[in-house]
Every structure is written in structure tokens, then in C-alpha cells.
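Visitor: Sharing final01.tsv (TSV, C-alpha atoms) below.
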```tsv
chain	number	residue	atom	x	y	z
A	1	MET	CA	0.00	0.00	0.00
A	2	THR	CA	1.28	3.44	-0.88
A	3	GLY	CA	-0.27	6.80	-1.55
A	4	THR	CA	2.07	7.60	-4.41
A	5	VAL	CA	0.12	8.12	-7.64
A	6	ALA	CA	1.31	5.85	-10.43
A	7	THR	CA	2.45	7.68	-13.57
A	8	ALA	CA	2.47	4.69	-15.92
A	9	ARG	CA	-0.77	4.11	-17.80
A	10	GLY	CA	-2.29	0.77	-18.72
A	11	THR	CA	-2.15	-0.29	-22.34
A	12	ALA	CA	-5.91	-0.05	-22.82
A	13	ALA	CA	-9.10	0.83	-21.01
A	14	GLY	CA	-10.03	-2.87	-21.06
A	15	LEU	CA	-13.62	-2.27	-22.12
A	16	GLY	CA	-15.50	-5.55	-22.36
A	17	LEU	CA	-12.91	-7.44	-20.31
A	18	ASP	CA	-14.46	-9.66	-17.65
A	19	LEU	CA	-12.50	-8.63	-14.55
A	20	ARG	CA	-13.78	-11.61	-12.57
A	21	ARG	CA	-12.49	-14.21	-15.03
A	22	ALA	CA	-9.89	-12.65	-17.35
A	23	PRO	CA	-6.20	-13.54	-17.07
A	24	LEU	CA	-4.74	-11.42	-14.31
A	25	GLY	CA	-2.08	-10.03	-16.63
A	26	ASP	CA	-4.81	-8.51	-18.81
A	27	VAL	CA	-6.45	-6.98	-15.74
A	28	GLN	CA	-3.14	-5.49	-14.58
A	29	ALA	CA	-2.76	-3.77	-17.96
A	30	ILE	CA	-5.94	-1.73	-17.51
A	31	ASP	CA	-5.80	1.98	-16.71
A	32	PHE	CA	-8.49	2.09	-14.03
A	33	ARG	CA	-8.25	5.87	-13.91
A	34	ALA	CA	-9.39	6.23	-17.52
A	35	ALA	CA	-12.60	8.17	-18.11
A	36	THR	CA	-14.15	5.10	-19.77
A	37	ARG	CA	-14.00	3.04	-16.57
A	38	ASP	CA	-16.83	2.60	-14.04
A	39	PHE	CA	-14.94	2.94	-10.76
A	40	TRP	CA	-17.43	1.18	-8.50
A	41	ALA	CA	-18.38	-1.58	-10.97
A	42	ASP	CA	-14.67	-2.35	-11.37
A	43	GLU	CA	-14.26	-2.44	-7.61
A	44	ALA	CA	-17.19	-4.84	-7.17
A	45	ALA	CA	-15.81	-7.23	-9.81
A	46	LEU	CA	-12.33	-7.28	-8.31
A	47	TRP	CA	-13.71	-7.77	-4.81
A	48	ASP	CA	-15.71	-10.77	-6.04
A	49	ARG	CA	-12.57	-12.21	-7.58
A	50	LEU	CA	-10.48	-11.58	-4.48
A	51	THR	CA	-12.92	-13.21	-2.04
A	52	ALA	CA	-13.43	-16.18	-4.38
A	53	SER	CA	-9.68	-16.78	-4.48
A	54	TRP	CA	-9.63	-18.47	-1.06
A	55	ALA	CA	-12.93	-20.38	-1.36
A	56	GLY	CA	-12.95	-23.93	-0.03
A	57	LEU	CA	-9.80	-23.78	2.10
A	58	ASP	CA	-9.93	-25.00	5.70
A	59	ASP	CA	-8.31	-23.34	8.72
A	60	ALA	CA	-5.07	-25.30	8.43
A	61	ALA	CA	-4.62	-24.07	4.86
A	62	TRP	CA	-5.07	-20.47	5.96
A	63	ARG	CA	-2.17	-20.69	8.42
A	64	LEU	CA	0.31	-22.55	6.23
A	65	PRO	CA	3.35	-20.32	5.52
A	66	GLY	CA	4.79	-20.06	2.05
A	67	ALA	CA	2.36	-17.85	0.16
A	68	ALA	CA	5.03	-15.18	-0.23
A	69	ARG	CA	8.27	-14.00	1.31
A	70	SER	CA	8.22	-11.11	3.73
A	71	ASP	CA	9.48	-7.87	2.19
A	72	ALA	CA	10.84	-6.86	5.57
A	73	GLY	CA	12.84	-9.94	6.50
A	74	GLY	CA	10.19	-11.66	8.60
A	75	PRO	CA	8.81	-15.20	8.30
A	76	ASP	CA	7.04	-16.15	5.09
A	77	TRP	CA	3.48	-14.92	4.80
A	78	SER	CA	0.47	-17.23	4.90
A	79	LEU	CA	-2.96	-16.78	3.35
A	80	LEU	CA	-4.11	-15.53	6.74
A	81	ASP	CA	-1.34	-12.91	6.77
A	82	HIS	CA	-2.34	-11.63	3.33
A	83	VAL	CA	-6.05	-11.38	4.09
A	84	ALA	CA	-5.36	-9.84	7.50
A	85	HIS	CA	-3.20	-7.24	5.76
A	86	ILE	CA	-6.11	-6.40	3.42
A	87	LEU	CA	-8.40	-6.13	6.46
A	88	ASP	CA	-5.89	-3.89	8.22
A	89	TRP	CA	-5.76	-1.43	5.33
A	90	ASP	CA	-9.54	-1.47	4.88
A	91	GLU	CA	-9.92	-0.44	8.52
A	92	LEU	CA	-7.16	2.18	8.23
A	93	ALA	CA	-8.75	3.55	5.06
A	94	VAL	CA	-12.16	3.94	6.70
A	95	VAL	CA	-10.52	6.31	9.17
A	96	TYR	CA	-8.36	8.32	6.79
A	97	ILE	CA	-11.10	8.73	4.16
A	98	ALA	CA	-13.51	9.93	6.87
A	99	GLU	CA	-10.88	12.41	8.02
A	100	ALA	CA	-10.34	13.60	4.46
A	101	LEU	CA	-14.07	14.15	4.06
A	102	ASP	CA	-14.10	16.23	7.24
A	103	THR	CA	-10.84	18.14	6.83
A	104	GLY	CA	-9.80	17.89	3.18
A	105	ARG	CA	-6.45	16.42	4.28
A	106	TRP	CA	-5.21	13.15	2.80
A	107	PRO	CA	-2.42	11.11	4.40
A	108	THR	CA	1.12	11.14	3.12
A	109	ASP	CA	3.52	8.23	2.90
A	110	ASP	CA	5.37	9.74	5.87
A	111	ASP	CA	2.39	8.93	8.09
A	112	TYR	CA	3.29	5.24	7.83
A	113	ASP	CA	6.76	4.59	9.21
A	114	GLY	CA	8.15	7.40	7.12
A	115	GLY	CA	7.00	5.71	3.93
A	116	ASP	CA	8.58	2.35	4.77
A	117	PHE	CA	5.41	0.37	4.11
A	118	ASP	CA	7.19	-2.99	4.17
A	119	THR	CA	8.27	-2.45	7.77
A	120	PHE	CA	4.90	-0.97	8.71
A	121	ASN	CA	3.00	-3.96	7.29
A	122	GLU	CA	5.37	-6.51	8.83
A	123	ARG	CA	5.05	-4.91	12.26
A	124	ARG	CA	1.26	-5.14	12.14
A	125	ARG	CA	1.11	-8.87	11.30
A	126	SER	CA	1.11	-9.74	14.99
A	127	LEU	CA	-2.19	-7.88	15.49
A	128	TYR	CA	-4.00	-10.60	13.55
A	129	ALA	CA	-1.86	-13.70	14.10
A	130	ASP	CA	-4.30	-15.34	16.53
A	131	LEU	CA	-7.50	-14.40	14.68
A	132	PRO	CA	-9.44	-17.50	13.55
A	133	PRO	CA	-10.02	-17.51	9.78
A	134	THR	CA	-13.81	-17.50	10.24
A	135	ASP	CA	-13.59	-14.37	12.38
A	136	LEU	CA	-11.12	-12.80	9.97
A	137	ARG	CA	-13.48	-13.27	7.02
A	138	ALA	CA	-16.42	-11.84	8.97
A	139	ARG	CA	-14.41	-8.84	10.11
A	140	LEU	CA	-13.16	-8.26	6.57
A	141	ASP	CA	-16.73	-8.22	5.24
A	142	THR	CA	-17.68	-5.65	7.87
A	143	ALA	CA	-14.63	-3.48	7.22
A	144	HIS	CA	-15.07	-3.60	3.47
A	145	GLY	CA	-18.72	-2.62	3.78
A	146	ALA	CA	-17.71	0.34	5.93
A	147	LEU	CA	-15.01	1.28	3.42
A	148	LEU	CA	-17.50	1.26	0.54
A	149	ALA	CA	-19.91	3.38	2.57
A	150	VAL	CA	-17.38	6.08	3.41
A	151	GLY	CA	-15.75	5.90	-0.02
A	152	GLY	CA	-19.14	6.26	-1.66
A	153	ARG	CA	-19.47	9.69	-0.08
A	154	LEU	CA	-16.55	10.94	-2.17
A	155	PRO	CA	-17.44	12.56	-5.48
A	156	LEU	CA	-15.81	10.74	-8.37
A	157	ALA	CA	-13.91	13.90	-9.27
A	158	ALA	CA	-12.33	13.81	-5.82
A	159	ILE	CA	-11.44	10.10	-6.14
A	160	TYR	CA	-9.69	10.77	-9.47
A	161	SER	CA	-7.72	13.69	-8.07
A	162	ASP	CA	-3.99	13.34	-7.51
A	163	ALA	CA	-4.41	13.88	-3.77
A	164	ALA	CA	-6.91	11.05	-3.29
A	165	TRP	CA	-6.33	8.52	-6.05
A	166	GLY	CA	-3.48	6.61	-4.44
A	167	TRP	CA	-5.31	6.42	-1.11
A	168	VAL	CA	-8.65	5.27	-2.54
A	169	TYR	CA	-7.80	3.24	-5.65
A	170	ASN	CA	-4.79	1.55	-4.07
A	171	VAL	CA	-6.73	0.28	-1.07
A	172	LEU	CA	-9.51	-1.04	-3.32
A	173	HIS	CA	-8.69	-2.11	-6.89
A	174	GLY	CA	-4.93	-1.87	-6.56
A	175	HIS	CA	-4.80	-3.87	-3.36
A	176	ALA	CA	-6.99	-6.62	-4.79
A	177	ILE	CA	-4.87	-6.96	-7.92
A	178	ASP	CA	-1.58	-6.93	-6.00
A	179	HIS	CA	-2.68	-9.71	-3.67
A	180	LEU	CA	-4.42	-11.75	-6.36
A	181	ARG	CA	-1.03	-12.18	-8.02
A	182	VAL	CA	0.03	-14.18	-4.96
A	183	LEU	CA	-3.24	-15.60	-3.68
A	184	GLU	CA	-4.70	-17.13	-6.83
A	185	PRO	CA	-1.80	-19.51	-7.57
A	186	TRP	CA	-1.16	-20.18	-3.87
A	187	ALA	CA	-4.80	-20.99	-3.10
A	188	ASP	CA	-5.09	-23.17	-6.22
A	189	SER	CA	-2.11	-25.22	-5.06
A	190	LEU	CA	-3.55	-25.56	-1.54
A	191	ARG	CA	-6.95	-26.65	-2.83
A	192	ALA	CA	-5.32	-29.35	-4.96
A	193	ARG	CA	-3.49	-30.63	-1.88
A	194	GLN	CA	-6.54	-30.43	0.37
A	195	ALA	CA	-8.64	-32.35	-2.17
A	196	GLN	CA	-6.02	-35.11	-1.91
A	197	ASN	CA	-6.29	-35.16	1.92
A	198	ASP	CA	-3.05	-33.34	2.68
A	199	PRO	CA	-3.47	-32.41	6.39
A	200	PHE	CA	-1.10	-29.40	6.05
A	201	GLY	CA	0.80	-30.58	9.08
A	202	PRO	CA	1.82	-33.71	10.99
A	203	ASP	CA	0.11	-37.05	10.47
A	204	ARG	CA	-3.22	-36.98	12.31
A	205	GLN	CA	-2.84	-40.55	13.65
A	206	PRO	CA	-2.59	-40.32	17.47
A	207	ASP	CA	-0.37	-42.27	19.81
A	208	ALA	CA	-0.86	-42.93	23.50
A	209	SER	CA	1.28	-39.96	24.55
A	210	ASP	CA	-0.95	-37.34	22.92
A	211	LEU	CA	-4.36	-38.98	22.63
A	212	ALA	CA	-6.20	-36.36	24.68
A	213	ALA	CA	-4.75	-33.53	22.60
A	214	VAL	CA	-5.57	-35.35	19.35
A	215	LYS	CA	-9.18	-35.86	20.44
A	216	GLU	CA	-9.53	-32.20	21.35
A	217	ARG	CA	-8.08	-31.07	18.01
A	218	PHE	CA	-10.20	-33.65	16.18
A	219	TRP	CA	-13.46	-32.21	17.48
A	220	THR	CA	-12.36	-28.60	17.03
A	221	ASP	CA	-11.48	-29.31	13.40
A	222	GLU	CA	-14.68	-31.29	12.88
A	223	ALA	CA	-16.84	-28.40	14.06
A	224	SER	CA	-14.97	-25.88	11.92
A	225	VAL	CA	-14.92	-27.92	8.69
A	226	LEU	CA	-18.53	-29.07	8.94
A	227	ALA	CA	-19.75	-25.54	9.68
A	228	GLN	CA	-17.87	-24.17	6.69
A	229	PHE	CA	-19.08	-26.93	4.36
A	230	GLU	CA	-22.70	-26.76	5.45
A	231	SER	CA	-22.79	-22.97	5.23
A	232	MET	CA	-21.45	-23.24	1.68
A	233	ILE	CA	-23.93	-25.81	0.37
A	234	ARG	CA	-26.95	-24.29	2.11
A	235	ALA	CA	-26.21	-20.91	0.53
A	236	LEU	CA	-26.41	-22.40	-2.98
A	237	PRO	CA	-29.61	-22.00	-4.99
A	238	ILE	CA	-31.36	-25.33	-5.52
A	239	ASP	CA	-30.74	-25.34	-9.27
A	240	ALA	CA	-26.99	-24.81	-8.71
A	241	TRP	CA	-26.78	-28.27	-7.11
A	242	THR	CA	-27.22	-29.93	-10.50
A	243	ALA	CA	-26.58	-27.13	-13.02
A	244	ALA	CA	-22.92	-27.89	-13.66
A	245	GLU	CA	-20.14	-30.35	-13.01
A	246	VAL	CA	-17.89	-29.00	-10.26
A	247	THR	CA	-15.40	-31.82	-10.75
A	248	LEU	CA	-15.19	-34.25	-13.65
A	249	GLY	CA	-18.61	-35.88	-13.97
A	250	TRP	CA	-19.86	-34.80	-10.55
A	251	THR	CA	-22.31	-32.05	-9.53
A	252	VAL	CA	-22.72	-30.58	-6.04
A	253	ALA	CA	-25.59	-33.02	-5.50
A	254	ASP	CA	-23.28	-35.92	-6.39
A	255	HIS	CA	-20.65	-34.72	-3.92
A	256	VAL	CA	-23.13	-34.32	-1.06
A	257	GLY	CA	-24.78	-37.68	-1.71
A	258	HIS	CA	-21.34	-39.31	-1.83
A	259	ILE	CA	-20.35	-37.78	1.53
A	260	ALA	CA	-23.61	-38.95	3.11
A	261	ALA	CA	-23.04	-42.48	1.83
A	262	TRP	CA	-19.55	-42.62	3.37
A	263	PHE	CA	-20.85	-41.20	6.66
A	264	ASN	CA	-23.07	-44.27	6.90
A	265	GLU	CA	-20.44	-46.70	5.61
A	266	ALA	CA	-17.97	-45.54	8.27
A	267	ALA	CA	-20.59	-45.54	11.01
A	268	GLU	CA	-21.46	-49.15	10.14
A	269	ALA	CA	-17.78	-50.09	10.23
A	270	LEU	CA	-17.32	-48.60	13.70
A	271	GLU	CA	-20.57	-50.10	15.01
A	272	GLU	CA	-19.65	-53.50	13.56
A	273	HIS	CA	-16.21	-53.40	15.19
A	274	ARG	CA	-17.79	-52.66	18.52
A	275	ARG	CA	-20.03	-55.73	18.15
A	276	ALA	CA	-17.66	-58.21	16.51
A	277	GLY	CA	-14.15	-56.86	17.08
A	278	THR	CA	-13.21	-56.99	13.38
A	279	TRP	CA	-12.70	-54.20	10.89
A	280	ARG	CA	-14.73	-54.01	7.70
A	281	ALA	CA	-12.74	-54.45	4.49
A	282	MET	CA	-12.82	-51.88	1.72
A	283	PRO	CA	-15.25	-52.61	-1.15
A	284	LYS	CA	-14.03	-55.57	-3.25
A	285	GLU	CA	-14.76	-53.74	-6.50
A	286	GLY	CA	-12.46	-50.88	-5.45
A	287	ILE	CA	-13.19	-47.42	-4.06
A	288	ASP	CA	-13.60	-45.73	-7.44
A	289	ALA	CA	-16.08	-48.29	-8.71
A	290	TRP	CA	-18.03	-48.17	-5.41
A	291	ASN	CA	-18.17	-44.39	-5.58
A	292	ASP	CA	-19.30	-44.40	-9.19
A	293	ALA	CA	-22.09	-46.88	-8.52
A	294	GLN	CA	-23.26	-44.98	-5.44
A	295	VAL	CA	-23.36	-41.64	-7.25
A	296	ARG	CA	-25.28	-43.11	-10.18
A	297	ALA	CA	-27.79	-44.74	-7.81
A	298	THR	CA	-28.61	-41.50	-5.99
A	299	ARG	CA	-28.80	-39.13	-8.98
A	300	GLY	CA	-32.17	-37.44	-9.18
A	301	THR	CA	-32.67	-37.41	-5.41
A	302	PRO	CA	-34.27	-34.07	-4.42
A	303	VAL	CA	-31.92	-31.64	-2.70
A	304	ALA	CA	-34.00	-31.54	0.49
A	305	GLU	CA	-33.78	-35.33	0.74
A	306	LEU	CA	-30.03	-35.29	0.07
A	307	LEU	CA	-29.61	-32.83	2.91
A	308	ARG	CA	-31.64	-35.05	5.24
A	309	HIS	CA	-29.45	-38.03	4.33
A	310	TYR	CA	-26.35	-35.92	4.87
A	311	GLN	CA	-27.50	-34.69	8.30
A	312	ALA	CA	-28.63	-38.13	9.44
A	313	GLY	CA	-25.40	-39.75	8.26
A	314	HIS	CA	-23.31	-37.09	9.95
A	315	GLY	CA	-25.18	-37.54	13.23
A	316	ARG	CA	-24.79	-41.31	13.06
A	317	LEU	CA	-21.06	-41.21	12.33
A	318	ARG	CA	-20.43	-38.54	14.94
A	319	ALA	CA	-22.16	-40.68	17.57
A	320	ALA	CA	-20.12	-43.71	16.50
A	321	VAL	CA	-16.87	-41.76	16.85
A	322	VAL	CA	-17.88	-40.39	20.26
A	323	ALA	CA	-18.41	-43.98	21.40
A	324	MET	CA	-14.94	-45.15	20.26
A	325	SER	CA	-12.67	-46.64	22.90
A	326	ASP	CA	-9.13	-45.35	23.35
A	327	ALA	CA	-7.90	-48.58	21.77
A	328	GLU	CA	-9.99	-47.86	18.67
A	329	TRP	CA	-8.63	-44.30	18.48
A	330	LEU	CA	-5.07	-45.66	18.61
A	331	ASP	CA	-5.80	-48.38	16.05
A	332	PRO	CA	-4.92	-47.03	12.55
A	333	ASP	CA	-8.03	-48.73	11.12
A	334	GLY	CA	-10.27	-47.20	13.74
A	335	PHE	CA	-8.83	-43.73	13.40
A	336	SER	CA	-8.99	-43.96	9.61
A	337	TRP	CA	-12.71	-44.78	9.65
A	338	ALA	CA	-13.26	-41.86	12.04
A	339	TYR	CA	-11.10	-39.13	10.49
A	340	GLU	CA	-11.05	-40.09	6.81
A	341	ASP	CA	-14.83	-40.38	6.64
A	342	LEU	CA	-15.83	-37.51	8.89
A	343	HIS	CA	-14.18	-34.11	8.49
A	344	GLY	CA	-11.12	-35.43	6.70
A	345	HIS	CA	-13.44	-36.45	3.89
A	346	VAL	CA	-15.58	-33.33	4.06
A	347	ARG	CA	-12.59	-30.96	3.85
A	348	ALA	CA	-11.48	-32.67	0.63
A	349	HIS	CA	-14.89	-32.03	-0.93
A	350	LEU	CA	-14.96	-28.51	0.51
A	351	ALA	CA	-11.89	-27.78	-1.60
A	352	SER	CA	-13.50	-29.31	-4.68
A	353	ILE	CA	-16.82	-27.46	-4.44
A	354	GLY	CA	-15.56	-24.16	-3.00
A	355	PRO	CA	-14.52	-22.36	-6.21
A	356	TYR	CA	-17.81	-23.24	-7.92
A	357	ALA	CA	-19.91	-22.16	-4.94
A	358	ALA	CA	-18.06	-18.85	-4.68
A	359	THR	CA	-18.81	-17.91	-8.29
A	360	VAL	CA	-22.42	-19.07	-8.66
A	361	GLY	CA	-23.77	-15.57	-8.10
A	362	TRP	CA	-21.42	-13.84	-10.53
A	363	PRO	CA	-22.84	-12.12	-13.60
A	364	PRO	CA	-22.45	-14.13	-16.82
A	365	SER	CA	-19.12	-13.73	-18.59
```
What does this structure look like when you write it as C-alpha cells?
Guide:
Amino acid sequence: MTGTVATARGTAAGLGLDLRRAPLGDVQAIDFRAATRDFWADEAALWDRLTASWAGLDDAAWRLPGAARSDAGGPDWSLLDHVAHILDWDELAVVYIAEALDTGRWPTDDDYDGGDFDTFNERRRSLYADLPPTDLRARLDTAHGALLAVGGRLPLAAIYSDAAWGWVYNVLHGHAIDHLRVLEPWADSLRARQAQNDPFGPDRQPDASDLAAVKERFWTDEASVLAQFESMIRALPIDAWTAAEVTLGWTVADHVGHIAAWFNEAAEALEEHRRAGTWRAMPKEGIDAWNDAQVRATRGTPVAELLRHYQAGHGRLRAAVVAMSDAEWLDPDGFSWAYEDLHGHVRAHLASIGPYAATVGWPPS
């Protein structure tokens, strides 16, 4: 973030370019200060693209370092660091734009560590380090709404002025574009890993020395992942459940029906072990063939019924996991049926569905 007004112009006004979907390089080439641009329509499109960039990622993905190097010599930045930085500047901008409206004075670079924005931003990372991703996203929505409200009070002529442009455009369009350069490829790589059950940390299998801590983390993660997944699918219009394939050959309805089926399969395995002391074998035809047959068998099921199956299956599996003995938790088979078919499974499908769900409400290309 800087208040310095850029002197280089984009190569074209970019009329007709879909800012939500176009290659980022084409978006970067646009002169957003051109008279042909619609300032607030451009902002809305870039905000949609920015918030969709992290769709479907669980809490562990948000905290994983490696998104980008620190420009001030600190530890590598995570997704959480980047989004917290955007939140920070949205909240700062609400204050300085309000002050400019009241006094006519805009900040200068010297107001922020003498213009050393890298050091300023690095120093403020600690303010958000412990903020849960769910709370961070909610706070960002609130701050951005406040920023649009105060920014909307500025006449466009004032926004385009040399005094204001760097402090308004840069915290809106410019900030989104700068961070999308990092976040889009980073989030894409994380989603691919999450869809393949990468835990983004140590192996989840407990041993006797840390069983209590593993159980506590297990249920914390379960609550977080299930809340995020259920919020996502319940926000979708009914027709979006079957309108498009979100992964090869599978719609949202297919994904949800598949999760519900494995909730019940795992619950039966745990219940059976409690009765007979033996672990159920995987399907003889192979996992892929079993999944394909199950999805085909449930296609056409109404969404409301799919949701009932999902909720009932989740409740059944959750109860079966709660009833597990310590020996079953420590048994790799037992823990696999519990984790891999409860939130471990759901977080993989969260990553698969997330990008589609985040863009359902976008205007057509």
C-alpha cells in the first residue's frame, strides 16, 4: 500500500474485459483511472474475484506459511497474513477517508513509518496472528462494507484527483490486484493438496502420549470444517446443485450424496467393530467403482432429501466416533474410519466445491 500516484498508464481501457475471469495479466494492464472506466463496478468485480480466491480452504490451509516472502525480513506470509493485511488497510482507510471528508487532508507516505510500508506492514502482522479464519473473514466483510460506505461519499472527481487517487484506488482495486497475483496460484495449489487429503501438518494418527490432545483437536477441526461446508452448500440456490459439473462428472448433489453415503459406511464399520471386534474391508470392487455406482444410484434425489441423508449420516457417524474406545482411536483402522470419513473427507470435498460455490452468483461472462 502506498499513496504515491502511479504515472504509468495501462495499455488499454479494457472495455469488455471480464475482470472476474480474465487472465490477471490482462487486468493489470488496464488503466483504471481512464474516463471510460466505471470505478465502482470495477471495484465490485475485483472484490468478487479476491474473495473467491480463497474459497474452499480450511483453517489449516489459511495458516500454512509459504504464500510469499516477507518484504521486511520476517517469516514467510500465509494466506491468513495476506487477508489480515487487506483487512488492516480497509480499517485504516475507513478512518483516513472519513478524516479527508471532514478536513480535506489526505495522508502522506510519511504517516506510515516514514513511507517504509514494508516495515509498517510486517510490524502489524502480529495484530492478527491469533484471529481465527472464520472471524477474519467476517471482520473483513464488515470493514469492506464500511469502506464502501465512506468511499461512496466521495465525489468521483475527488477520487480521481492526484491527492486522493493513491489512497482510494490503491486500497480497493490496486490492493486486490496486488494480492491476487500471490493468492490465486497459492490458493489453487492448496486446494489441490486439500482435495487429496493433505493435512497441512503432521500425520493426524494419534499415539498414547498425545491422545487427549488429538481428540480435542479432532473435534475442534470437525466443528470448523462441517460448519464451513454446510454454510457453503446451504447458501447455494437449488438449481446450482445440479446445473454444472464441479469436478469431472460430478455435480454438487453428487458430492453431497457421496459424503452422506460414506458417513453411513464408516458408522457401520465402527458399530460392527464394537459388536464383533473386526474391521470391515474396503469394497471388493475398489473405491472408485463403489463411488461411481453410489453416485449413479442417488442421482435425481431431491436436494431436500439429500440434505436429510447428509445430516442423518453425519449424526450417526459422529455418535459412532464419540463412542470409540481409546484402543480404537489408537488403532490405525479405527482412526482412519473416524477421520477419513468424517471431516477429513468433508474438507477434501470442501476444496473441490468451493470455487464453484463462490462464483455461482457472478454475472455471466
Visitor: Using only C-alpha atoms and a cutoff of 12 Å, can you tell me which residues are near (-15.8, -30.4, 15.9) in the file's coordinates, and write them out as a ChimeraX atom specification?
Guide: /A:214-228,314,318,321-322,339,342-344
Visitor: Which of these, A:Ala338, A:Ala61, A:Leu80, A:Ala327, has the shortest distance to Glu268 in chain A once you count all atoms listed in the file?
Guide: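 With all atoms listed in the file as the atom set, the closest residue is A:Ala338.
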Visitor: I'd like the interatomic distance between CA of Tyr96 in chain A and CA of Gly166 in chain A, to a tenth of an Å.
Guide: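 Between these atoms lies a distance of 12.4 Å.
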Visitor: Determine, counting all atoms listed in the file, which protein, DNA and RNA residues have an atom within 12 Å of an atom of Pro332 in chain A; residues of the same chain fewer than 4 positions away are not included. Present the result as a list in words.
Guide: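 Listing them by chain and then by number gives Asp203, Arg204, Gln205, Pro206, Asp207, Trp279, Asp326, Ala327, Glu328, Ser336, Trp337, Ala338, Tyr339 and Glu340 of chain A.
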Visitor: Those residues with C-alpha atoms, as a PDB file, in the frame of the given file please?
Guide:
```pdb
ATOM      1  CA  ASP A 203       0.110 -37.050  10.470  1.00  0.00           C
ATOM      2  CA  ARG A 204      -3.220 -36.980  12.310  1.00  0.00           C
ATOM      3  CA  GLN A 205      -2.840 -40.550  13.650  1.00  0.00           C
ATOM      4  CA  PRO A 206      -2.590 -40.320  17.470  1.00  0.00           C
ATOM      5  CA  ASP A 207      -0.370 -42.270  19.810  1.00  0.00           C
ATOM      6  CA  TRP A 279     -12.700 -54.200  10.890  1.00  0.00           C
ATOM      7  CA  ASP A 326      -9.130 -45.350  23.350  1.00  0.00           C
ATOM      8  CA  ALA A 327      -7.900 -48.580  21.770  1.00  0.00           C
ATOM      9  CA  GLU A 328      -9.990 -47.860  18.670  1.00  0.00           C
ATOM     10  CA  SER A 336      -8.990 -43.960   9.610  1.00  0.00           C
ATOM     11  CA  TRP A 337     -12.710 -44.780   9.650  1.00  0.00           C
ATOM     12  CA  ALA A 338     -13.260 -41.860  12.040  1.00  0.00           C
ATOM     13  CA  TYR A 339     -11.100 -39.130  10.490  1.00  0.00           C
ATOM     14  CA  GLU A 340     -11.050 -40.090   6.810  1.00  0.00           C
TER      15      GLU A 340
END
```
Visitor: May I ask which of the residues A:Gly16, A:Gly174, A:Gly66, A:Gly315 is the closest one to Leu46 in chain A, counting all atoms listed in the file?
Guide: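 Looking only at the distances to Leu46 in chain A, the closest residue turns out to be A:Gly174.
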Visitor: Go through A:Ala98, A:Ala261, A:Leu92, A:Leu17 one by one, measure the shortest atom-to-atom distance of each to Tyr310 in chain A using only C-alpha atoms, and give the residue with the smallest value.
Guide: A:Ala261
Visitor: Give as a ChimeraX atom specification every residue, naming chains and numbers as the document does, that has an atom within 12 Å of (-17.1, -22.2, 2.9), counting only C-alpha atoms.
Guide: /A:51-59,133-134,137,224-236,346-347,349-358
Visitor: Just need the box for range 127-139 of chain A, edges along x, y and z, holding every atom the file lists for it with 8 Å tacked onto each side, so centre and edge lengths in Å to one decimal, as lines of an AutoDock Vina configuration file.
Guide:
```
center_x = -9.1
center_y = -12.7
center_z = 11.8
size_x = 30.6
size_y = 25.6
size_z = 25.5
```
Visitor: Would you please work out which residue, of A:Arg191, A:Arg124, A:Arg299, A:Arg280, is nearest to His255 in chain A when using all atoms listed in the file?
Guide: A:Arg299
Visitor: If we count only C-alpha atoms and set the cut-off at 12 Å, which residues sit around Tyr160 in chain A, ignoring sequence neighbours fewer than 2 positions away in its own chain? Please answer as a ChimeraX atom specification.
Guide: /A:5,32-35,37-39,154-158,162-170
Visitor: Considering only C-alpha atoms, state which residue in the set A:Val256, A:Ala281, A:Trp250, A:Leu317 is at the smallest distance from Glu305 in chain A.
Guide: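 For Glu305 in chain A, the nearest of the given residues is A:Val256.
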Visitor: Restricting the calculation to only C-alpha atoms: of A:Ala187, A:Val94, A:Leu306, A:Ala195, which residue gets closest to Gly151 in chain A?
Guide: A:Val94
Visitor: In Å, rounded to a single decimal, give me how far CA of Arg49 in chain A is from CA of Leu136 in chain A.
Guide: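 A separation of 17.6 Å between them.
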Visitor: In Å, how far is it from CA of His175 in chain A to CA of Leu87 in chain A?
Guide: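 CA of Leu87 in chain A lies at a distance of 10.7 Å from CA of His175 in chain A.
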